[in-house]
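Student: Below is the file query_2.txt, which contains compact mmCIF, C-alpha atoms and all ligand atoms.
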# COMPACT_ATOMS: atom_id res chain seq x y z
CA MET A 1 -7.42 -72.86 28.15
CA MET A 2 -4.83 -74.39 30.47
CA GLU A 3 -5.46 -74.25 34.21
CA LYS A 4 -3.34 -71.50 35.74
CA LEU A 5 -0.52 -73.13 37.67
CA LEU A 6 2.39 -70.72 38.05
CA LEU A 7 0.05 -67.73 38.09
CA ARG A 8 -2.65 -69.41 40.18
CA ASN A 9 -2.29 -66.96 43.05
CA VAL A 10 -1.30 -63.68 41.46
CA ASP A 11 -4.79 -62.22 41.02
CA LYS A 12 -5.80 -62.84 44.64
CA GLU A 13 -5.92 -59.84 46.96
CA ASN A 14 -2.76 -59.71 49.12
CA SER A 15 -1.37 -62.69 47.23
CA HIS A 16 2.10 -61.90 48.61
CA THR A 17 1.09 -62.69 52.20
CA ILE A 18 1.54 -66.04 53.90
CA ASP A 19 -2.11 -66.21 55.02
CA VAL A 20 -3.35 -66.00 51.43
CA TYR A 21 -0.69 -68.48 50.31
CA LEU A 22 -1.62 -70.96 53.05
CA SER A 23 -5.34 -70.61 52.33
CA GLY A 24 -4.66 -71.79 48.77
CA GLY A 25 -2.78 -74.89 49.93
CA GLY A 26 0.61 -73.22 50.23
CA TYR A 27 3.48 -75.08 51.96
CA ARG A 28 1.51 -78.34 51.64
CA ALA A 29 4.06 -79.65 49.13
CA PHE A 30 6.94 -78.78 51.45
CA LYS A 31 5.26 -80.56 54.35
CA LYS A 32 4.69 -83.59 52.13
CA ALA A 33 8.36 -83.63 51.07
CA LEU A 34 9.61 -83.21 54.62
CA LYS A 35 7.31 -85.72 56.32
CA GLU A 36 6.56 -88.33 53.66
CA MET A 37 9.56 -88.33 51.31
CA THR A 38 13.29 -88.84 51.60
CA PRO A 39 15.59 -86.30 49.92
CA ASP A 40 16.29 -88.93 47.24
CA ASP A 41 12.54 -89.33 46.62
CA VAL A 42 12.25 -85.59 46.02
CA VAL A 43 15.15 -85.56 43.56
CA GLU A 44 13.64 -88.55 41.76
CA GLU A 45 10.22 -86.87 41.48
CA VAL A 46 11.78 -83.75 39.98
CA LYS A 47 13.74 -85.92 37.54
CA ILE A 48 10.53 -87.71 36.51
CA SER A 49 8.85 -84.35 35.92
CA GLY A 50 11.40 -83.44 33.24
CA LEU A 51 11.62 -79.88 34.62
CA ARG A 52 14.33 -77.86 32.88
CA GLY A 53 15.74 -74.59 34.20
CA ARG A 54 13.74 -71.54 33.18
CA GLY A 55 16.59 -69.03 33.45
CA GLY A 56 17.80 -69.59 29.90
CA ALA A 57 20.15 -72.56 29.80
CA GLY A 58 17.44 -75.21 30.21
CA PHE A 59 19.55 -77.63 32.26
CA PRO A 60 17.52 -80.50 33.82
CA THR A 61 16.78 -79.42 37.39
CA GLY A 62 16.58 -82.93 38.85
CA MET A 63 20.02 -83.75 37.49
CA LYS A 64 21.50 -80.57 38.99
CA TRP A 65 19.99 -81.48 42.36
CA GLU A 66 21.31 -85.02 42.09
CA PHE A 67 24.88 -83.75 41.56
CA ALA A 68 24.62 -81.40 44.54
CA ALA A 69 23.06 -84.07 46.77
CA ALA A 70 25.90 -86.47 45.96
CA ASP A 71 28.60 -84.01 47.07
CA VAL A 72 29.42 -84.54 50.73
CA LYS A 73 31.21 -81.25 51.42
CA GLU A 74 29.53 -79.07 54.07
CA PRO A 75 27.87 -76.63 54.36
CA LYS A 76 25.94 -76.54 51.11
CA PHE A 77 24.15 -73.50 49.76
CA PHE A 78 20.93 -73.05 47.79
CA VAL A 79 20.76 -69.88 45.73
CA CYS A 80 17.82 -68.45 43.85
CA ASN A 81 18.86 -66.45 40.82
CA ALA A 82 16.44 -63.51 40.83
CA ASP A 83 18.78 -61.26 38.86
CA GLU A 84 16.30 -60.79 36.04
CA GLY A 85 17.95 -58.04 34.03
CA GLU A 86 17.57 -58.60 30.31
CA PRO A 87 15.56 -56.10 28.25
CA CYS A 88 11.92 -57.20 27.90
CA THR A 89 12.24 -60.03 30.44
CA PHE A 90 9.81 -59.44 33.32
CA LYS A 91 8.37 -62.84 34.16
CA ASP A 92 10.21 -63.57 37.43
CA ARG A 93 9.13 -60.21 38.76
CA VAL A 94 5.51 -61.37 38.76
CA ILE A 95 6.34 -64.32 41.02
CA ILE A 96 8.66 -62.28 43.25
CA GLU A 97 6.11 -59.54 43.85
CA LYS A 98 2.84 -61.47 43.69
CA ASP A 99 3.67 -64.97 44.91
CA PRO A 100 6.92 -64.85 46.90
CA HIS A 101 5.96 -67.82 49.08
CA ALA A 102 5.81 -70.11 46.02
CA LEU A 103 9.46 -69.25 45.47
CA ILE A 104 10.38 -69.77 49.13
CA GLU A 105 8.53 -73.09 49.20
CA GLY A 106 10.38 -74.21 46.05
CA MET A 107 13.69 -73.28 47.69
CA LEU A 108 12.80 -75.16 50.88
CA ILE A 109 11.98 -78.31 48.92
CA GLY A 110 15.20 -77.98 46.90
CA ALA A 111 17.31 -77.36 49.98
CA TYR A 112 15.81 -80.41 51.71
CA ALA A 113 16.44 -82.57 48.62
CA THR A 114 20.07 -81.50 48.27
CA GLY A 115 21.05 -81.11 51.93
CA CYS A 116 21.61 -77.35 51.79
CA ARG A 117 21.76 -75.52 55.11
CA TYR A 118 21.73 -71.89 53.93
CA GLY A 119 20.00 -70.06 51.13
CA TYR A 120 20.24 -66.75 49.33
CA ILE A 121 17.87 -65.02 46.97
CA TYR A 122 20.07 -62.86 44.74
CA ILE A 123 17.73 -60.18 43.41
CA ARG A 124 18.60 -57.53 40.85
CA GLY A 125 19.29 -54.10 42.35
CA GLU A 126 16.56 -52.52 40.23
CA TYR A 127 13.84 -54.58 41.97
CA PRO A 128 13.66 -52.71 45.34
CA ILE A 129 9.95 -53.44 45.76
CA GLY A 130 10.55 -57.13 45.12
CA ARG A 131 13.31 -57.13 47.69
CA LYS A 132 11.03 -55.66 50.36
CA ILE A 133 8.28 -58.14 49.53
CA LEU A 134 10.70 -61.07 49.74
CA GLU A 135 12.14 -59.89 53.06
CA ARG A 136 8.66 -59.61 54.49
CA ALA A 137 7.70 -63.04 53.14
CA ILE A 138 10.84 -64.59 54.65
CA ALA A 139 10.02 -62.99 58.02
CA GLU A 140 6.51 -64.49 57.81
CA ALA A 141 7.94 -67.92 56.96
CA TYR A 142 10.22 -67.74 60.03
CA GLU A 143 7.27 -66.74 62.23
CA ARG A 144 5.24 -69.76 61.04
CA GLY A 145 8.14 -72.18 61.54
CA PHE A 146 8.91 -72.87 57.87
CA LEU A 147 12.43 -71.45 58.16
CA GLY A 148 15.10 -71.69 60.86
CA GLU A 149 16.25 -74.56 63.08
CA ASN A 150 14.50 -77.92 63.19
CA ILE A 151 11.74 -76.96 60.82
CA LEU A 152 8.32 -78.41 61.73
CA GLY A 153 9.93 -80.57 64.42
CA THR A 154 12.33 -82.35 62.06
CA ASP A 155 16.13 -82.25 61.95
CA PHE A 156 16.02 -80.16 58.75
CA SER A 157 17.25 -76.59 59.27
CA PHE A 158 17.42 -73.84 56.65
CA ASP A 159 18.14 -70.12 56.92
CA LEU A 160 17.31 -67.82 54.03
CA TYR A 161 18.58 -64.33 53.18
CA VAL A 162 17.97 -61.78 50.42
CA HIS A 163 20.99 -60.27 48.70
CA SER A 164 20.57 -57.34 46.36
CA GLY A 165 22.70 -57.01 43.23
CA ALA A 166 24.26 -53.70 42.25
CA GLY A 167 22.99 -53.38 38.69
CA ALA A 168 25.24 -55.64 36.62
CA TYR A 169 23.46 -57.91 34.13
CA ILE A 170 26.41 -60.32 34.10
CA CYS A 171 25.57 -61.30 37.69
CA GLY A 172 22.71 -63.32 36.23
CA GLU A 173 25.45 -65.74 35.07
CA GLU A 174 25.64 -68.20 37.94
CA THR A 175 29.37 -68.00 38.67
CA ALA A 176 29.44 -64.20 38.38
CA LEU A 177 26.45 -64.19 40.75
CA ILE A 178 28.43 -66.28 43.22
CA GLU A 179 31.46 -63.96 42.97
CA SER A 180 29.15 -61.00 43.63
CA LEU A 181 27.53 -62.83 46.55
CA GLU A 182 31.01 -63.27 48.02
CA GLY A 183 31.48 -59.49 47.83
CA LYS A 184 33.74 -59.53 44.79
CA ARG A 185 33.46 -57.93 41.37
CA GLY A 186 30.83 -59.83 39.36
CA GLU A 187 32.85 -61.73 36.76
CA PRO A 188 32.29 -65.31 35.58
CA ARG A 189 34.54 -68.10 36.82
CA ILE A 190 36.06 -70.77 34.65
CA LYS A 191 33.97 -73.96 34.52
CA PRO A 192 34.51 -76.72 35.57
CA PRO A 193 34.35 -76.89 38.52
CA PHE A 194 30.62 -76.23 38.41
CA PRO A 195 28.80 -74.53 41.30
CA VAL A 196 27.11 -77.78 42.35
CA ASN A 197 30.55 -78.93 43.52
CA ALA A 198 32.42 -75.67 44.09
CA GLY A 199 30.19 -72.60 44.23
CA TYR A 200 29.64 -70.08 47.01
CA LEU A 201 32.77 -70.09 49.21
CA TRP A 202 33.82 -73.03 46.98
CA LYS A 203 31.21 -75.23 48.64
CA PRO A 204 28.47 -77.18 46.81
CA THR A 205 25.90 -74.64 45.64
CA VAL A 206 22.66 -75.10 43.74
CA VAL A 207 21.65 -72.10 41.64
CA ASN A 208 18.08 -72.14 40.29
CA ASN A 209 16.01 -69.45 38.62
CA VAL A 210 12.84 -67.99 40.21
CA GLU A 211 10.41 -69.52 37.70
CA THR A 212 12.15 -72.91 37.94
CA LEU A 213 11.63 -72.95 41.71
CA ALA A 214 8.00 -71.84 41.44
CA ASN A 215 7.35 -75.09 39.52
CA VAL A 216 8.71 -77.31 42.29
CA PRO A 217 5.78 -77.24 44.79
CA LEU A 218 3.42 -78.22 41.93
CA ILE A 219 5.61 -81.19 41.03
CA ILE A 220 5.81 -82.46 44.61
CA GLU A 221 2.12 -81.98 45.28
CA ARG A 222 0.73 -83.46 42.06
CA GLY A 223 3.60 -85.72 41.01
CA GLY A 224 6.35 -85.67 38.41
CA LYS A 225 4.34 -87.85 36.04
CA TRP A 226 1.42 -85.40 35.99
CA TYR A 227 3.83 -82.54 35.33
CA SER A 228 5.63 -84.40 32.54
CA GLN A 229 2.38 -84.60 30.57
CA ILE A 230 2.00 -80.81 30.24
CA GLY A 231 3.30 -79.26 27.01
CA SER A 232 6.24 -80.58 24.98
CA PRO A 233 7.27 -84.18 25.78
CA ASP A 234 11.00 -83.30 25.64
CA CYS A 235 10.60 -80.21 27.68
CA PRO A 236 7.40 -80.27 29.74
CA GLY A 237 5.57 -77.99 32.10
CA PRO A 238 3.92 -74.60 32.16
CA LYS A 239 6.01 -71.63 31.00
CA LEU A 240 5.78 -67.90 31.54
CA PHE A 241 6.17 -65.90 28.33
CA PRO A 242 6.67 -62.15 28.70
CA VAL A 243 5.52 -60.57 25.44
CA SER A 244 6.47 -57.01 24.52
CA GLY A 245 6.85 -54.73 21.53
CA LYS A 246 4.23 -54.10 18.89
CA VAL A 247 1.46 -56.36 20.14
CA LYS A 248 -2.00 -55.23 21.21
CA ARG A 249 -1.84 -56.89 24.62
CA PRO A 250 1.71 -57.02 25.99
CA GLY A 251 2.10 -58.93 29.25
CA VAL A 252 3.13 -62.17 30.91
CA TYR A 253 1.31 -65.25 29.58
CA GLU A 254 1.34 -68.66 31.22
CA LEU A 255 1.01 -71.37 28.59
CA PRO A 256 2.20 -74.95 28.13
CA MET A 257 5.79 -75.25 26.99
CA GLY A 258 5.71 -75.79 23.23
CA THR A 259 2.82 -73.41 22.49
CA PRO A 260 3.40 -72.09 18.95
CA LEU A 261 4.91 -68.62 18.78
CA GLU A 262 2.29 -67.58 16.25
CA GLU A 263 -0.51 -68.49 18.69
CA ILE A 264 1.11 -66.50 21.49
CA ILE A 265 1.46 -63.37 19.36
CA PHE A 266 -1.84 -63.47 17.48
CA GLU A 267 -4.23 -65.11 19.95
CA HIS A 268 -2.97 -64.41 23.44
CA ALA A 269 -1.23 -61.08 22.86
CA GLY A 270 -3.97 -59.91 20.46
CA GLY A 271 -1.92 -59.55 17.27
CA ILE A 272 0.00 -56.57 15.96
CA VAL A 273 -0.90 -53.01 16.94
CA LYS A 274 -3.09 -51.18 14.42
CA ASP A 275 -3.26 -54.47 12.50
CA ARG A 276 0.05 -53.72 10.85
CA LYS A 277 2.24 -56.46 9.41
CA LEU A 278 4.53 -58.45 11.65
CA LYS A 279 8.13 -57.91 10.64
CA ALA A 280 10.34 -59.86 13.01
CA VAL A 281 10.43 -61.55 16.41
CA PHE A 282 13.22 -62.11 18.91
CA PRO A 283 11.66 -65.22 20.52
CA GLY A 284 13.93 -65.82 23.50
CA GLY A 285 15.15 -62.55 24.89
CA ALA A 286 17.58 -59.90 23.74
CA SER A 287 20.34 -62.32 22.75
CA SER A 288 18.25 -64.66 20.64
CA SER A 289 18.52 -64.82 16.86
CA VAL A 290 15.67 -63.16 15.02
CA LEU A 291 12.80 -64.99 13.30
CA THR A 292 10.97 -63.54 10.31
CA SER A 293 7.19 -63.45 9.94
CA GLU A 294 7.41 -66.66 7.88
CA GLU A 295 9.18 -68.52 10.69
CA ILE A 296 6.81 -68.06 13.60
CA ASN A 297 4.93 -71.33 13.35
CA VAL A 298 7.40 -72.86 15.79
CA PRO A 299 6.77 -74.48 19.20
CA MET A 300 8.17 -72.38 22.02
CA ASP A 301 10.45 -74.89 23.72
CA PHE A 302 14.20 -75.46 23.96
CA PRO A 303 14.68 -78.12 21.24
CA SER A 304 12.24 -76.65 18.68
CA LEU A 305 13.76 -73.18 18.83
CA ALA A 306 17.30 -74.58 18.67
CA LYS A 307 16.24 -76.47 15.56
CA ALA A 308 14.89 -73.21 14.11
CA GLY A 309 18.34 -71.64 14.58
CA THR A 310 17.48 -69.53 17.60
CA MET A 311 16.83 -70.20 21.31
CA LEU A 312 14.17 -70.16 23.99
CA GLY A 313 16.38 -68.36 26.53
CA SER A 314 14.15 -66.75 29.13
CA GLY A 315 11.12 -67.06 26.82
CA ALA A 316 10.87 -63.28 26.43
CA ILE A 317 9.18 -62.52 23.09
CA MET A 318 9.98 -59.16 21.47
CA VAL A 319 7.82 -58.26 18.49
CA LEU A 320 8.66 -55.76 15.72
CA ASP A 321 6.20 -54.55 13.11
CA GLU A 322 6.63 -53.21 9.58
CA THR A 323 7.30 -49.67 10.82
CA ASP A 324 10.29 -50.69 12.94
CA CYS A 325 13.84 -50.37 11.66
CA ILE A 326 15.64 -53.67 12.07
CA VAL A 327 19.05 -51.96 12.16
CA LYS A 328 17.99 -49.61 14.93
CA ALA A 329 16.42 -52.43 16.95
CA THR A 330 19.61 -54.48 16.59
CA LEU A 331 21.72 -51.47 17.57
CA ARG A 332 19.69 -50.96 20.75
CA LEU A 333 20.05 -54.62 21.78
CA THR A 334 23.77 -54.65 21.04
CA GLU A 335 24.30 -51.41 22.96
CA PHE A 336 22.83 -53.16 25.98
CA PHE A 337 25.35 -55.99 25.73
CA ARG A 338 28.25 -53.61 25.17
CA HIS A 339 27.24 -51.79 28.34
CA GLU A 340 26.87 -55.04 30.29
CA SER A 341 30.01 -56.85 29.05
CA CYS A 342 32.15 -57.30 32.13
CA GLY A 343 35.33 -56.73 30.10
CA LYS A 344 37.11 -59.88 31.27
CA CYS A 345 37.65 -61.39 27.82
CA THR A 346 38.63 -59.78 24.53
CA PRO A 347 36.09 -61.26 22.07
CA CYS A 348 33.13 -59.93 24.06
CA ARG A 349 34.64 -56.67 25.33
CA GLU A 350 35.95 -55.61 21.91
CA GLY A 351 33.36 -57.44 19.82
CA THR A 352 30.32 -55.76 21.39
CA ASP A 353 32.03 -52.36 21.08
CA TRP A 354 32.84 -52.84 17.39
CA LEU A 355 29.37 -54.16 16.64
CA VAL A 356 27.84 -51.04 18.18
CA ARG A 357 30.14 -48.72 16.22
CA ILE A 358 29.37 -50.44 12.92
CA LEU A 359 25.63 -50.77 13.51
CA ARG A 360 25.46 -47.12 14.50
CA ARG A 361 27.18 -45.92 11.37
CA ILE A 362 24.92 -48.06 9.20
CA GLU A 363 21.85 -46.74 11.01
CA GLU A 364 23.09 -43.19 10.46
CA GLY A 365 23.54 -43.89 6.76
CA LYS A 366 27.33 -43.84 6.86
CA GLY A 367 27.95 -47.56 6.46
CA SER A 368 29.16 -49.62 3.54
CA GLU A 369 28.27 -53.01 2.12
CA ASP A 370 31.57 -54.39 3.46
CA ASP A 371 30.39 -53.61 6.98
CA LEU A 372 27.98 -56.54 6.76
CA ASP A 373 30.85 -59.01 6.27
CA VAL A 374 32.71 -57.41 9.16
CA ILE A 375 29.66 -57.88 11.41
CA LEU A 376 29.55 -61.58 10.52
CA SER A 377 33.29 -61.96 11.07
CA ILE A 378 33.12 -60.29 14.52
CA SER A 379 30.16 -62.52 15.41
CA GLU A 380 32.18 -65.61 14.58
CA THR A 381 35.03 -64.45 16.83
CA MET A 382 32.60 -63.73 19.66
CA GLU A 383 31.59 -67.40 19.69
CA ASN A 384 34.91 -67.89 21.53
CA SER A 385 33.99 -65.59 24.42
CA PHE A 386 34.56 -66.70 27.98
CA CYS A 387 30.91 -66.93 29.03
CA GLY A 388 27.41 -67.12 27.60
CA LEU A 389 26.95 -63.35 27.46
CA GLY A 390 29.59 -62.87 24.78
CA MET A 391 28.73 -66.14 23.06
CA ALA A 392 25.16 -64.94 22.49
CA ALA A 393 25.43 -61.12 22.39
CA HIS A 394 26.18 -61.12 18.66
CA ASN A 395 23.10 -63.19 17.71
CA PRO A 396 20.79 -60.23 16.97
CA ALA A 397 23.42 -58.60 14.73
CA ALA A 398 24.46 -61.76 12.87
CA SER A 399 20.90 -63.03 12.39
CA THR A 400 19.44 -59.71 11.22
CA VAL A 401 22.30 -59.19 8.76
CA ARG A 402 21.56 -62.62 7.32
CA LYS A 403 17.76 -62.36 7.26
CA PHE A 404 17.26 -58.63 6.62
CA LYS A 405 20.24 -57.95 4.39
CA ASP A 406 18.16 -55.86 1.98
CA GLU A 407 17.14 -53.51 4.76
CA TYR A 408 20.78 -53.02 5.82
CA LEU A 409 21.76 -52.39 2.19
CA LEU A 410 18.93 -49.87 1.81
CA HIS A 411 20.49 -47.83 4.63
CA VAL A 412 23.79 -47.91 2.75
CA LYS A 413 22.22 -47.03 -0.60
CA LEU A 414 20.05 -44.17 0.68
CA GLY A 415 22.69 -42.85 3.05
CA ARG A 416 20.05 -42.63 5.80
CA CYS A 417 17.58 -44.75 7.73
CA PRO A 418 14.57 -45.38 5.47
CA PHE A 419 12.27 -45.38 8.50
CA ARG A 420 13.16 -41.85 9.51
CA SER A 421 11.30 -38.93 7.98
CA VAL A 422 13.67 -36.93 5.76
S1 LIG A 501 31.95 -63.01 27.57
FE1 LIG A 501 31.68 -60.85 28.15
S2 LIG A 501 30.62 -60.94 30.08
FE2 LIG A 501 31.50 -63.00 29.73
S3 LIG A 501 33.52 -62.94 30.70
FE3 LIG A 501 33.83 -62.28 28.61
S4 LIG A 501 33.70 -60.04 28.74
FE4 LIG A 501 32.79 -60.84 30.60
Please rewrite the model in this file as structure tokens.

Tutor:
Amino acid sequence: MMEKLLLRNVDKENSHTIDVYLSGGGYRAFKKALKEMTPDDVVEEVKISGLRGRGGAGFPTGMKWEFAAADVKEPKFFVCNADEGEPCTFKDRVIIEKDPHALIEGMLIGAYATGCRYGYIYIRGEYPIGRKILERAIAEAYERGFLGENILGTDFSFDLYVHSGAGAYICGEETALIESLEGKRGEPRIKPPFPVNAGYLWKPTVVNNVETLANVPLIIERGGKWYSQIGSPDCPGPKLFPVSGKVKRPGVYELPMGTPLEEIIFEHAGGIVKDRKLKAVFPGGASSSVLTSEEINVPMDFPSLAKAGTMLGSGAIMVLDETDCIVKATLRLTEFFRHESCGKCTPCREGTDWLVRILRRIEEGKGSEDDLDVILSISETMENSFCGLGMAAHNPAASTVRKFKDEYLLHVKLGRCPFRSV
């Protein structure tokens, strides 16, 4: 069993308070960075660690910091993306509510490394408790001299604020987040320029996910080399896997990156409820392509899942058993994306709407065999969407049509959902 790293504090009483965090060695890594390392040293250590962003895209964190550090425009901003809003993704919430100082410490180290003067934690509107906990934690950090002017007697200054989203999933996309932070409608910007050069107020802005930042104090305290030896060589470190659906023990599991999906479902999450048969798994959140029960012996990391034709995304694992209707599950996921499409570009706005209409009529037993080709054709068009939401929103539909074609056709043949009682 791997030592708990990201979840090392969460079971302690009052783990959200600064006293508990300090008693476990909290802010030691920040002090080390500030007093013993140059900003370049910190960037280098994070590069050595091999840390890749845990929000979904998996971009190397050290490289992102290097780009931001090299830009001389002032002021620079450091933003934490806490807009965790995808169905079945609830890993960042654990850190926000149970270990907020790990996140703040990670931001402080990142801001020092990149020369950022101001920071924002952009938290989803549906996390009001998390917002209160973060505001309290920030107030504590100011009281103890970890935030503000001339921190710990140095010339490093950093002010940090919490900004609450208004309920739009698209604001988890970094440029839409920045638009929203500026008080505008949350819609993605064209890239390039990338936020590291032209982000908030068109100034250099680093945007990192909550879980990504929670890794940073560990890397600085124990070293990038130590970190790089955990889990997959191409994609190291501990990873939080939220597991939901038809498993006996749903929850958030911390395991080394690259842990096989089969092990997570059958050992850690206890297997399938009532010992039924596993039918399908969405391994990387609501927009990942489905895997069948024969495909689950795959390491849970970015390259392995890409090779398997799907993606790691946020690492949220959604499990379906033999009693679940694949068409209905796909319809529910696609309805979410239709609701959350910002409407800016045609392939996503129209594509998600048409997918929902077609999936619904198949699920109701009113579809035809030709509908399956139409689903695949719409999916292909959606690849040309403006941002990642539209580019990935069709994955559940396209992948389930390909891998569970017989089940779709059974709906057509019977004129009803075979999983509903007649
Ligand atoms: S892909 Fe969807 S969410 Fe992204 S810009 Fe287009 S309409 Fe908006």

Student: What does the distance from atom CA of A:Ile121 to atom CA of A:Gly186 come to in Å, to one decimal?

Tutor: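 That distance, rounded to one decimal, is 15.9 Å.
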
Student: Show me which residues are within 9 Å of ligand LIG 501 (chain A) counting only C-alpha atoms and all ligand atoms, and format the list as a ChimeraX atom specification.

Tutor: /A:169-170,173,176,187-189,337-338,340-350,352,382,384-393

Student: Can you build me a table of stretch 112-146 of chain A residues sitting at most 10 Å from stretch 38-42 of chain A, with the closest atom pair per residue and its distance in Å to one decimal, using all atoms listed in the file, sorted by chain and residue number, as a tab-separated table?

Tutor:
residue	atom	partner	partner_atom	distance
A:Tyr112	CA	A:Pro39	CA	6.2
A:Ala113	CA	A:Pro39	CA	4.0
A:Thr114	CA	A:Pro39	CA	6.8
A:Gly115	CA	A:Pro39	CA	7.8

Student: So which one's closest to A:Arg52, A:Lys239, A:Lys12, A:Lys191, A:Arg357? Using all atoms listed in the file, please.

Tutor: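 Of all the options, A:Lys239 lies closest to A:Arg52.
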
Student: Could you jot down the atom CA of A:Ile264 to atom CA of A:Leu312 separation for me, Å, one decimal place?

Tutor: 13.8 Å

Student: What does the distance from atom CA of A:Ser157 to atom CA of A:His101 come to in Å, to one decimal?

Tutor: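 Atom CA of A:His101 lies 17.6 Å from atom CA of A:Ser157.
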
Student: Using only C-alpha atoms, which protein or nucleic acid residues come within 12 Å of A:Gly172? Drop anything in the same chain fewer than 3 positions from it, and give the result as an mmCIF file with C-alpha atoms, in the coordinates of the input.

Tutor:
data_model
loop_
_atom_site.group_PDB
_atom_site.id
_atom_site.type_symbol
_atom_site.label_atom_id
_atom_site.label_comp_id
_atom_site.auth_asym_id
_atom_site.auth_seq_id
_atom_site.Cartn_x
_atom_site.Cartn_y
_atom_site.Cartn_z
ATOM 1 C CA GLY A 55 16.590 -69.030 33.450
ATOM 2 C CA GLY A 56 17.800 -69.590 29.900
ATOM 3 C CA ALA A 57 20.150 -72.560 29.800
ATOM 4 C CA VAL A 79 20.760 -69.880 45.730
ATOM 5 C CA CYS A 80 17.820 -68.450 43.850
ATOM 6 C CA ASN A 81 18.860 -66.450 40.820
ATOM 7 C CA ALA A 82 16.440 -63.510 40.830
ATOM 8 C CA ASP A 83 18.780 -61.260 38.860
ATOM 9 C CA GLU A 84 16.300 -60.790 36.040
ATOM 10 C CA GLY A 85 17.950 -58.040 34.030
ATOM 11 C CA GLU A 86 17.570 -58.600 30.310
ATOM 12 C CA ILE A 121 17.870 -65.020 46.970
ATOM 13 C CA TYR A 122 20.070 -62.860 44.740
ATOM 14 C CA ILE A 123 17.730 -60.180 43.410
ATOM 15 C CA ARG A 124 18.600 -57.530 40.850
ATOM 16 C CA GLY A 125 19.290 -54.100 42.350
ATOM 17 C CA SER A 164 20.570 -57.340 46.360
ATOM 18 C CA GLY A 165 22.700 -57.010 43.230
ATOM 19 C CA ALA A 166 24.260 -53.700 42.250
ATOM 20 C CA GLY A 167 22.990 -53.380 38.690
ATOM 21 C CA ALA A 168 25.240 -55.640 36.620
ATOM 22 C CA TYR A 169 23.460 -57.910 34.130
ATOM 23 C CA THR A 175 29.370 -68.000 38.670
ATOM 24 C CA ALA A 176 29.440 -64.200 38.380
ATOM 25 C CA LEU A 177 26.450 -64.190 40.750
ATOM 26 C CA ILE A 178 28.430 -66.280 43.220
ATOM 27 C CA GLU A 179 31.460 -63.960 42.970
ATOM 28 C CA SER A 180 29.150 -61.000 43.630
ATOM 29 C CA LEU A 181 27.530 -62.830 46.550
ATOM 30 C CA GLY A 186 30.830 -59.830 39.360
ATOM 31 C CA GLU A 187 32.850 -61.730 36.760
ATOM 32 C CA PRO A 188 32.290 -65.310 35.580
ATOM 33 C CA VAL A 207 21.650 -72.100 41.640
ATOM 34 C CA ASN A 208 18.080 -72.140 40.290
ATOM 35 C CA ASN A 209 16.010 -69.450 38.620
ATOM 36 C CA VAL A 210 12.840 -67.990 40.210
ATOM 37 C CA SER A 314 14.150 -66.750 29.130
ATOM 38 C CA GLU A 340 26.870 -55.040 30.290
ATOM 39 C CA CYS A 342 32.150 -57.300 32.130
ATOM 40 C CA CYS A 387 30.910 -66.930 29.030
ATOM 41 C CA GLY A 388 27.410 -67.120 27.600
ATOM 42 C CA LEU A 389 26.950 -63.350 27.460
#

Student: With all atoms listed in the file as the atoms that count, which of A:Ile151, A:Val43, A:Met2, A:Val94 lies nearest to A:Gly251?

Tutor: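 That would be A:Val94, the residue with the smallest distance to A:Gly251.
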
Student: Tell me, as a PDB file with C-alpha atoms, in the frame of the given file, which residues lie within 10 Å of A:Lys31, counting all atoms listed in the file; anything in the same chain fewer than 4 positions away does not count.

Tutor:
ATOM      1  CA  GLY A  26       0.610 -73.220  50.230  1.00  0.00           C
ATOM      2  CA  TYR A  27       3.480 -75.080  51.960  1.00  0.00           C
ATOM      3  CA  LYS A  35       7.310 -85.720  56.320  1.00  0.00           C
ATOM      4  CA  GLU A  36       6.560 -88.330  53.660  1.00  0.00           C
ATOM      5  CA  MET A  37       9.560 -88.330  51.310  1.00  0.00           C
ATOM      6  CA  GLU A 105       8.530 -73.090  49.200  1.00  0.00           C
ATOM      7  CA  LEU A 108      12.800 -75.160  50.880  1.00  0.00           C
ATOM      8  CA  ILE A 109      11.980 -78.310  48.920  1.00  0.00           C
ATOM      9  CA  PHE A 146       8.910 -72.870  57.870  1.00  0.00           C
ATOM     10  CA  ILE A 151      11.740 -76.960  60.820  1.00  0.00           C
ATOM     11  CA  LEU A 152       8.320 -78.410  61.730  1.00  0.00           C
ATOM     12  CA  ILE A 220       5.810 -82.460  44.610  1.00  0.00           C
ATOM     13  CA  GLU A 221       2.120 -81.980  45.280  1.00  0.00           C
TER      14      GLU A 221
END

Student: Using 8 Å of padding on each side, determine the axis-aligned box around all atoms of stretch 241-246 of chain A present in the file and give its centre and edge lengths in Å to one decimal, as lines of an AutoDock Vina configuration file.

Tutor:
center_x = 5.5
center_y = -60.0
center_z = 23.8
size_x = 18.6
size_y = 27.8
size_z = 25.8

Student: Between A:Gly24, A:Gly58, A:Gly367, A:Gly284, which is the closest to A:Phe241 once you count all atoms listed in the file?

Tutor: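 The closest residue to A:Phe241 is A:Gly284.
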
Student: In terms of the shortest atom-to-atom distance over only C-alpha atoms, which of A:Glu380, A:Glu407, A:Glu66, A:Asp301 is closest to A:Lys328?

Tutor: A:Glu407

Student: With all atoms listed in the file as the atoms that count, which of A:Leu147, A:Leu372, A:Met318, A:Leu261 lies nearest to A:Arg402?

Tutor: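 Smallest separation from A:Arg402 among the options: A:Leu372.
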